[in-house]
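Text of the file final_12.tsv, holding TSV, C-alpha atoms:
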```tsv
chain	number	residue	atom	x	y	z
L	1	MET	CA	121.03	-24.63	28.17
L	2	SER	CA	120.34	-25.52	31.81
L	3	ASP	CA	119.81	-29.09	32.95
L	4	HIS	CA	116.21	-28.29	33.84
L	5	ALA	CA	115.47	-26.90	30.37
L	6	LYS	CA	117.27	-29.80	28.69
L	7	GLY	CA	115.45	-32.36	30.83
L	8	SER	CA	112.09	-30.71	30.16
L	9	LEU	CA	112.67	-30.76	26.41
L	10	LEU	CA	113.85	-34.36	26.44
L	11	THR	CA	110.87	-35.63	28.42
L	12	MET	CA	108.44	-33.63	26.31
L	13	PHE	CA	110.04	-34.92	23.11
L	14	GLY	CA	110.00	-38.49	24.41
L	15	GLY	CA	106.30	-38.22	25.25
L	16	ALA	CA	105.56	-36.73	21.84
L	17	CYS	CA	107.42	-39.64	20.20
L	18	TRP	CA	105.15	-42.08	22.05
L	19	GLY	CA	102.14	-40.13	20.79
L	20	VAL	CA	103.45	-40.26	17.22
L	21	SER	CA	104.06	-44.00	17.54
L	22	GLY	CA	100.49	-44.59	18.68
L	23	CYS	CA	99.14	-42.64	15.71
L	24	VAL	CA	101.37	-44.58	13.32
L	25	GLY	CA	99.89	-47.73	14.83
L	26	GLN	CA	96.39	-46.33	14.22
L	27	TYR	CA	97.37	-45.60	10.60
L	28	LEU	CA	98.64	-49.15	10.14
L	29	PHE	CA	95.39	-50.58	11.49
L	30	THR	CA	92.97	-48.30	9.63
L	31	ARG	CA	94.80	-47.63	6.34
L	32	GLN	CA	97.13	-50.61	5.87
L	33	GLY	CA	94.84	-53.39	7.05
L	34	MET	CA	97.32	-54.50	9.68
L	35	ASP	CA	96.23	-56.32	12.83
L	36	SER	CA	97.62	-55.80	16.33
L	37	THR	CA	98.29	-59.55	16.63
L	38	TRP	CA	100.57	-59.26	13.57
L	39	LEU	CA	102.23	-55.94	14.43
L	40	VAL	CA	102.98	-56.35	18.14
L	41	PRO	CA	105.19	-59.50	17.93
L	42	ILE	CA	107.26	-57.88	15.18
L	43	ARG	CA	107.48	-54.55	16.98
L	44	LEU	CA	108.55	-56.13	20.25
L	45	GLY	CA	111.00	-58.52	18.64
L	46	LEU	CA	112.77	-55.88	16.55
L	47	ALA	CA	112.97	-53.38	19.43
L	48	GLY	CA	114.30	-56.09	21.73
L	49	LEU	CA	116.97	-57.13	19.24
L	50	ILE	CA	118.12	-53.52	18.79
L	51	LEU	CA	118.36	-52.76	22.52
L	52	CYS	CA	119.94	-56.11	23.45
L	53	ALA	CA	122.45	-55.84	20.61
L	54	TRP	CA	123.36	-52.32	21.75
L	55	TYR	CA	123.93	-53.33	25.37
L	56	GLY	CA	125.53	-56.62	24.38
L	57	ALA	CA	128.13	-54.78	22.29
L	58	ARG	CA	128.90	-52.50	25.24
L	59	ASN	CA	128.88	-55.04	28.07
L	60	TRP	CA	127.94	-58.62	27.25
L	61	ARG	CA	128.46	-59.87	30.81
L	62	GLN	CA	126.04	-57.31	32.22
L	63	LEU	CA	123.47	-58.13	29.55
L	64	VAL	CA	123.28	-61.84	30.51
L	65	ASP	CA	123.86	-61.33	34.23
L	66	PRO	CA	120.12	-61.15	35.21
L	67	TRP	CA	119.71	-64.77	34.11
L	68	ARG	CA	122.42	-66.07	36.46
L	69	THR	CA	120.19	-66.14	39.58
L	70	ALA	CA	116.74	-67.68	39.95
L	71	ARG	CA	115.23	-64.61	41.63
L	72	ASN	CA	116.42	-62.17	39.00
L	73	ALA	CA	115.35	-64.48	36.20
L	74	ARG	CA	111.87	-64.86	37.73
L	75	ASP	CA	111.50	-61.10	38.23
L	76	LEU	CA	112.65	-60.42	34.67
L	77	VAL	CA	110.13	-62.87	33.20
L	78	ILE	CA	107.22	-61.38	35.18
L	79	TYR	CA	108.35	-57.83	34.41
L	80	GLY	CA	108.88	-58.59	30.73
L	81	LEU	CA	105.86	-60.75	29.94
L	82	ALA	CA	103.07	-59.88	32.40
L	83	GLY	CA	104.13	-56.23	32.56
L	84	VAL	CA	105.85	-54.66	29.57
L	85	SER	CA	104.84	-57.03	26.76
L	86	CYS	CA	101.18	-57.44	27.73
L	87	CYS	CA	100.99	-53.67	28.17
L	88	GLN	CA	102.34	-53.16	24.65
L	89	PHE	CA	99.86	-55.60	23.14
L	90	LEU	CA	96.83	-54.26	25.03
L	91	TYR	CA	97.80	-50.66	24.21
L	92	PHE	CA	97.91	-51.35	20.48
L	93	LEU	CA	94.78	-53.47	20.69
L	94	THR	CA	93.00	-50.50	22.27
L	95	ILE	CA	94.24	-48.27	19.44
L	96	GLN	CA	92.86	-50.75	16.92
L	97	LEU	CA	89.51	-50.78	18.74
L	98	SER	CA	89.32	-47.00	19.28
L	99	THR	CA	91.92	-44.26	18.66
L	100	ALA	CA	95.49	-43.53	19.71
L	101	GLY	CA	94.34	-40.68	21.97
L	102	THR	CA	91.79	-42.82	23.79
L	103	ALA	CA	94.24	-45.69	24.27
L	104	THR	CA	96.89	-43.37	25.67
L	105	ILE	CA	94.61	-41.61	28.13
L	106	LEU	CA	93.18	-44.88	29.44
L	107	GLN	CA	96.68	-46.19	30.02
L	108	ASP	CA	97.53	-42.96	31.86
L	109	LEU	CA	95.12	-44.03	34.61
L	110	SER	CA	97.85	-46.34	35.94
L	111	PRO	CA	98.98	-43.89	38.68
L	112	ILE	CA	95.54	-44.17	40.28
L	113	LEU	CA	95.74	-47.96	40.30
L	114	ILE	CA	99.24	-47.82	41.78
L	115	LEU	CA	97.98	-45.38	44.40
L	116	GLY	CA	95.40	-47.97	45.45
L	117	VAL	CA	98.03	-50.71	45.68
L	118	ALA	CA	100.34	-48.43	47.67
L	119	CYS	CA	97.56	-47.58	50.15
L	120	LEU	CA	96.80	-51.28	50.64
L	121	MET	CA	100.47	-52.11	51.16
L	122	ASP	CA	100.92	-49.21	53.63
L	123	ARG	CA	97.58	-50.01	55.32
L	124	ARG	CA	96.46	-46.41	55.16
L	125	SER	CA	93.56	-44.41	53.80
L	126	PRO	CA	94.01	-42.15	50.77
L	127	ARG	CA	94.87	-38.54	51.57
L	128	PRO	CA	92.48	-35.74	50.53
L	129	PHE	CA	94.47	-34.78	47.41
L	130	GLU	CA	94.65	-38.47	46.46
L	131	LEU	CA	90.88	-38.84	46.75
L	132	LEU	CA	90.47	-35.77	44.58
L	133	SER	CA	92.84	-37.22	41.98
L	134	VAL	CA	90.77	-40.43	41.93
L	135	LEU	CA	87.57	-38.44	41.38
L	136	LEU	CA	89.22	-36.49	38.55
L	137	ALA	CA	90.40	-39.71	36.91
L	138	LEU	CA	86.94	-41.27	37.13
L	139	LEU	CA	85.35	-38.12	35.74
L	140	GLY	CA	87.89	-38.01	32.91
L	141	VAL	CA	87.19	-41.62	31.93
L	142	PHE	CA	83.44	-41.01	32.13
L	143	LEU	CA	83.66	-37.99	29.80
L	144	LEU	CA	85.94	-39.78	27.34
L	145	THR	CA	83.94	-42.98	27.16
L	146	THR	CA	80.37	-41.65	27.35
L	147	HIS	CA	80.59	-38.04	26.07
L	148	GLY	CA	78.32	-37.09	28.93
L	149	SER	CA	75.61	-39.64	28.17
L	150	LEU	CA	74.45	-42.08	30.84
L	151	THR	CA	72.98	-44.48	28.27
L	152	ASN	CA	75.59	-44.77	25.49
L	153	LEU	CA	79.31	-45.50	25.30
L	154	ALA	CA	81.45	-43.36	22.98
L	155	VAL	CA	84.00	-46.20	22.80
L	156	SER	CA	83.34	-49.92	22.55
L	157	PRO	CA	83.31	-51.98	25.77
L	158	ALA	CA	86.18	-54.03	24.35
L	159	ALA	CA	88.32	-50.89	23.93
L	160	LEU	CA	87.49	-49.76	27.46
L	161	VAL	CA	88.43	-53.15	28.93
L	162	SER	CA	91.67	-53.48	26.97
L	163	GLY	CA	92.65	-49.88	27.78
L	164	LEU	CA	92.11	-50.38	31.50
L	165	ALA	CA	93.90	-53.74	31.34
L	166	SER	CA	96.93	-52.00	29.80
L	167	ALA	CA	96.94	-49.66	32.81
L	168	VAL	CA	96.96	-52.72	35.10
L	169	CYS	CA	100.01	-54.02	33.22
L	170	VAL	CA	101.73	-50.68	33.85
L	171	VAL	CA	101.16	-51.30	37.56
L	172	ILE	CA	102.95	-54.64	37.23
L	173	TYR	CA	105.99	-53.37	35.35
L	174	THR	CA	106.25	-50.28	37.55
L	175	MET	CA	106.07	-51.93	40.98
L	176	TRP	CA	107.52	-55.40	40.39
L	177	PRO	CA	111.12	-54.88	39.16
L	178	LYS	CA	112.49	-52.72	41.99
L	179	ASN	CA	115.19	-55.28	42.79
L	180	LEU	CA	116.23	-55.49	39.13
L	181	GLN	CA	116.34	-51.73	38.66
L	182	LYS	CA	118.76	-51.39	41.56
L	183	GLN	CA	121.21	-53.63	39.71
L	184	TYR	CA	120.79	-52.96	35.99
L	185	PRO	CA	120.00	-50.10	33.56
L	186	THR	CA	116.27	-49.86	32.85
L	187	PRO	CA	116.70	-49.71	29.03
L	188	MET	CA	118.63	-53.01	29.17
L	189	LEU	CA	115.79	-54.62	31.12
L	190	GLN	CA	113.38	-53.15	28.61
L	191	GLY	CA	115.34	-54.81	25.82
L	192	TRP	CA	114.95	-58.23	27.41
L	193	ALA	CA	111.26	-57.53	28.02
L	194	PHE	CA	110.70	-56.64	24.37
L	195	LEU	CA	112.64	-59.68	23.19
L	196	MET	CA	110.69	-62.07	25.44
L	197	GLY	CA	107.40	-60.49	24.41
L	198	GLY	CA	108.24	-60.73	20.74
L	199	ALA	CA	109.06	-64.43	21.08
L	200	ALA	CA	106.02	-65.23	23.25
L	201	PHE	CA	103.48	-63.38	21.10
L	202	SER	CA	104.98	-64.84	17.95
L	203	LEU	CA	104.32	-68.32	19.32
L	204	ILE	CA	100.80	-67.35	20.44
L	205	PHE	CA	99.61	-65.44	17.37
L	206	ARG	CA	101.89	-66.98	14.69
L	207	PRO	CA	101.98	-63.93	12.41
L	208	TRP	CA	103.70	-65.94	9.66
L	209	GLN	CA	100.44	-67.85	9.20
L	210	MET	CA	98.32	-64.74	8.65
L	211	HIS	CA	99.46	-64.33	5.03
L	212	TYR	CA	99.69	-60.56	5.49
L	213	ARG	CA	102.24	-58.73	3.35
L	214	PRO	CA	102.88	-55.07	4.24
L	215	THR	CA	103.24	-52.45	1.53
L	216	ALA	CA	106.20	-50.09	1.38
L	217	MET	CA	104.26	-47.63	3.57
L	218	GLY	CA	103.50	-50.48	5.96
L	219	VAL	CA	107.21	-51.27	6.30
L	220	LEU	CA	107.96	-47.59	6.97
L	221	GLY	CA	105.22	-47.58	9.57
L	222	ILE	CA	106.69	-50.61	11.33
L	223	ALA	CA	110.12	-48.96	11.33
L	224	ALA	CA	108.61	-45.78	12.79
L	225	VAL	CA	106.81	-47.69	15.54
L	226	VAL	CA	109.99	-49.54	16.51
L	227	LEU	CA	112.53	-46.72	16.23
L	228	ILE	CA	110.39	-43.76	17.31
L	229	GLY	CA	108.04	-45.48	19.76
L	230	ASN	CA	110.53	-47.80	21.44
L	231	VAL	CA	114.17	-46.84	20.96
L	232	LEU	CA	114.06	-43.04	20.54
L	233	ALA	CA	111.14	-42.23	22.85
L	234	PHE	CA	112.37	-44.33	25.74
L	235	SER	CA	115.98	-43.11	25.48
L	236	CYS	CA	115.02	-39.42	25.36
L	237	TYR	CA	112.44	-39.68	28.10
L	238	MET	CA	114.64	-41.54	30.56
L	239	SER	CA	117.51	-39.11	29.87
L	240	GLY	CA	115.16	-36.28	30.80
L	241	VAL	CA	114.01	-38.08	33.96
L	242	LYS	CA	117.63	-38.23	35.15
L	243	LEU	CA	117.88	-34.43	34.84
L	244	ILE	CA	114.58	-33.25	36.34
L	245	GLY	CA	113.19	-36.27	38.22
L	246	PRO	CA	110.06	-38.38	37.72
L	247	ALA	CA	107.59	-35.96	39.33
L	248	LYS	CA	108.23	-33.07	36.93
L	249	SER	CA	108.75	-35.46	34.03
L	250	SER	CA	105.24	-36.81	34.46
L	251	LEU	CA	103.82	-33.36	33.67
L	252	PHE	CA	105.81	-32.99	30.46
L	253	SER	CA	104.93	-36.55	29.45
L	254	PHE	CA	101.37	-35.35	28.93
L	255	ALA	CA	102.73	-34.42	25.49
L	256	GLU	CA	102.00	-38.07	24.63
L	257	PRO	CA	98.17	-38.05	24.77
L	258	VAL	CA	98.04	-34.47	23.45
L	259	THR	CA	100.21	-35.39	20.45
L	260	ALA	CA	98.22	-38.57	19.86
L	261	ALA	CA	94.91	-36.70	20.00
L	262	ILE	CA	96.05	-33.89	17.67
L	263	ILE	CA	97.56	-36.18	15.04
L	264	SER	CA	94.75	-38.73	15.11
L	265	THR	CA	92.19	-35.92	14.73
L	266	LEU	CA	93.89	-33.70	12.13
L	267	VAL	CA	95.72	-36.34	10.08
L	268	LEU	CA	93.75	-39.55	10.55
L	269	GLY	CA	90.32	-37.97	10.84
L	270	SER	CA	89.41	-39.40	14.25
L	271	PRO	CA	86.54	-37.54	15.96
L	272	PHE	CA	87.48	-35.25	18.87
L	273	THR	CA	84.75	-33.46	20.80
L	274	ALA	CA	84.51	-30.99	23.65
L	275	TRP	CA	83.76	-33.94	25.93
L	276	ASP	CA	87.10	-35.50	24.93
L	277	ALA	CA	88.89	-32.23	25.69
L	278	LEU	CA	87.27	-32.04	29.15
L	279	GLY	CA	88.25	-35.65	29.81
L	280	PHE	CA	91.86	-34.92	28.87
L	281	VAL	CA	91.89	-31.92	31.22
L	282	CYS	CA	90.62	-34.06	34.11
L	283	ILE	CA	93.32	-36.68	33.55
L	284	PHE	CA	95.98	-33.97	33.30
L	285	LEU	CA	94.83	-32.39	36.58
L	286	MET	CA	94.99	-35.85	38.15
L	287	LEU	CA	98.64	-36.17	37.10
L	288	VAL	CA	99.37	-32.66	38.40
L	289	LEU	CA	97.90	-33.51	41.81
L	290	LEU	CA	99.93	-36.72	42.09
L	291	SER	CA	103.12	-35.02	40.92
L	292	LEU	CA	102.87	-31.83	42.99
L	293	SER	CA	101.44	-33.28	46.18
L	294	GLY	CA	103.87	-31.51	48.45
L	295	SER	CA	105.98	-34.55	49.34
L	296	ARG	CA	109.51	-34.38	48.04
L	297	GLU	CA	109.90	-38.15	48.01
L	298	PRO	CA	108.28	-39.62	44.89
L	299	SER	CA	105.43	-41.94	45.82
L	300	PRO	CA	104.80	-45.10	43.75
L	301	ALA	CA	101.80	-43.42	42.16
L	302	ARG	CA	103.75	-40.35	41.11
L	303	ALA	CA	106.63	-42.47	39.84
L	304	ALA	CA	104.16	-44.42	37.72
L	305	ALA	CA	103.30	-41.31	35.78
L	306	LYS	CA	106.60	-41.67	33.96
L	307	GLN	CA	105.92	-45.24	32.77
L	308	HIS	CA	104.72	-45.58	29.18
L	309	SER	CA	104.05	-48.14	26.34
```

If you convert what's in this file into structure tokens, what do you get?
Amino acid sequence: MSDHAKGSLLTMFGGACWGVSGCVGQYLFTRQGMDSTWLVPIRLGLAGLILCAWYGARNWRQLVDPWRTARNARDLVIYGLAGVSCCQFLYFLTIQLSTAGTATILQDLSPILILGVACLMDRRSPRPFELLSVLLALLGVFLLTTHGSLTNLAVSPAALVSGLASAVCVVIYTMWPKNLQKQYPTPMLQGWAFLMGGAAFSLIFRPWQMHYRPTAMGVLGIAAVVLIGNVLAFSCYMSGVKLIGPAKSSLFSFAEPVTAAIISTLVLGSPFTAWDALGFVCIFLMLVLLSLSGSREPSPARAAAKQHS
């Protein structure tokens, strides 16, 4: 199998794993009575322990090295808490307030936000294809959230706000840690981010005081969210990115919202209309425009298309 084919399959499989994880989260919220404030600290903490233990066993000095300088420690805290961890919480909160498909597609608006930041930093106006991608993104969100109606929202305002806020967090964890990523493996940084988020959200939400006891299916669901949505998905996706690059990977990563929409509709019974399908198509075309813009150097917006919860 060629590297291109292998990379395409890995990125597609990684995206599908993220979609499955989102649907498992939806199942835990709707069928197991779980709350995002209980699930997210546990999910982050367990995933962080697994990744940090893995890298610690391989190279303990490298694992603790980011904390040896003030700048790296500051960047890691901002990346881990304001970026990765808040993104994880807001993503699952949006699932709880709507569906896995809606939460995923709202988060996939992050390349447009990063495009705006990049234009401000470069002091330039958006190019024609970038303006078109913005219009497609806005149209996609309009179709998904209103189903074509100018008077009613198809999703709650709270879900819309939390979904867009999760996209803002993607901007933070995509653009902030450039200095860290030049020095350390991204999965190792992700492990610290998960671990910090698990500790911080545990102190904020105190899940041990909620008196919630998961059933056997609930425990399996938690394991699936941690292993499939964090460890397996991220490892497969980033392995694929190394083989085919972030621009092409962003197209195959659309397997995430597609998988989430299919599973949440067919298995969990979530409604899915023609308006939703049109909205998904608009968001997909937006990603295509940003990924195949003609420039061989990946822009920040195109690179953001590979970042996920």

Problem set entry | Residue neighbourhood Ser162 in chain L, 10 Å, all atoms listed in the file, exclusion window fewer than 2 positions, as a ChimeraX atom specification | /L:87,89-95,97,103,106-107,157-160,164-168

Exercise. For Val231 in chain L, which of L:Leu287, L:Leu132, L:Ala193, L:Ala47 is the closest residue, counting only C-alpha atoms?
Worked result: L:Ala47

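CA of Phe205 in chain L to CA of Trp38 in chain L spans 7.3 Å [interatomic distance, one decimal].
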
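Residues in contact range of Val141 in chain L, defined as at most 10 Å between all atoms listed in the file, with sequence neighbours fewer than 6 positions away removed, read L:Thr102, L:Ile105, L:Leu106, L:Leu109, L:Leu135, L:His147, L:Leu160, L:Asp276, L:Leu278, L:Gly279, L:Phe280, L:Cys282, L:Ile283.
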
Taking a cut-off of 7 Å and counting only C-alpha atoms, can you build a table that, for each residue of range 132-176 of chain L near range 59-80 of chain L, reports the nearest atom pair and how far apart they are in Å (one decimal), sorted by chain then residue number, as a tab-separated table?
```
residue	atom	partner	partner_atom	distance
L:Ile172	CA	L:Tyr79	CA	6.9
L:Tyr173	CA	L:Tyr79	CA	5.1
L:Trp176	CA	L:Tyr79	CA	6.5
```

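With distances taken over all atoms listed in the file, L:Gly83 is the one residue among L:Thr37, L:Gly229, L:Gly83, L:Gly19 lying closest to Pro177 in chain L.
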
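Between Ala199 in chain L and the candidates L:Leu44, L:Ala16, L:Leu131, L:Leu10, the tightest atom-to-atom separation, counting all atoms listed in the file, involves L:Leu44.
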
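Closest approach to Ser36 in chain L among L:Gly191, L:Gly22, L:Gly269, L:Gly15 is made by L:Gly22 (distances from all atoms listed in the file).
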
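Nearest-residue note for Ile204 in chain L: choosing from L:Pro41, L:Gly163, L:Gly221, L:Gly33, the minimum distance belongs to L:Pro41, counting all atoms listed in the file.
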
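Counting all atoms listed in the file, range 223-227 of chain L has the following residues at most 6 Å away, ignoring those fewer than 3 positions along the same chain: Ser21, Arg43, Ala47, Leu220, Asn230, Val231 and Leu232 of chain L.
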
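Proximity to Ala200 in chain L was assessed for L:Cys119, L:Leu81, L:Val134, L:Leu9 counting only C-alpha atoms; the smallest distance is recorded for L:Leu81.
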
Problem set entry | Selection: 12 Å around Val219 in chain L, all atoms listed in the file, excl. self and same-chain fewer than 5 positions, as a list in words | Val24, Gly25, Leu28, Gln32, Met34, Leu39, Ile42, Arg43, Tyr212, Arg213, Pro214, Ala224, Val225 and Val226 of chain L

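Note that the spacing between CA of Arg124 in chain L and CA of Val170 in chain L amounts to 22.4 Å.
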
Please determine the residues with any atom at most 6 Å from (85.7, -42.1, 26.0) (coordinates as given in the file, with all atoms listed in the file counting) and report them as an mmCIF file with C-alpha atoms, in the frame of the given file.
```cif
data_model
loop_
_atom_site.group_PDB
_atom_site.id
_atom_site.type_symbol
_atom_site.label_atom_id
_atom_site.label_comp_id
_atom_site.auth_asym_id
_atom_site.auth_seq_id
_atom_site.Cartn_x
_atom_site.Cartn_y
_atom_site.Cartn_z
ATOM 1 C CA LEU L 143 83.660 -37.990 29.800
ATOM 2 C CA LEU L 144 85.940 -39.780 27.340
ATOM 3 C CA THR L 145 83.940 -42.980 27.160
ATOM 4 C CA THR L 146 80.370 -41.650 27.350
ATOM 5 C CA ALA L 154 81.450 -43.360 22.980
ATOM 6 C CA VAL L 155 84.000 -46.200 22.800
#
```
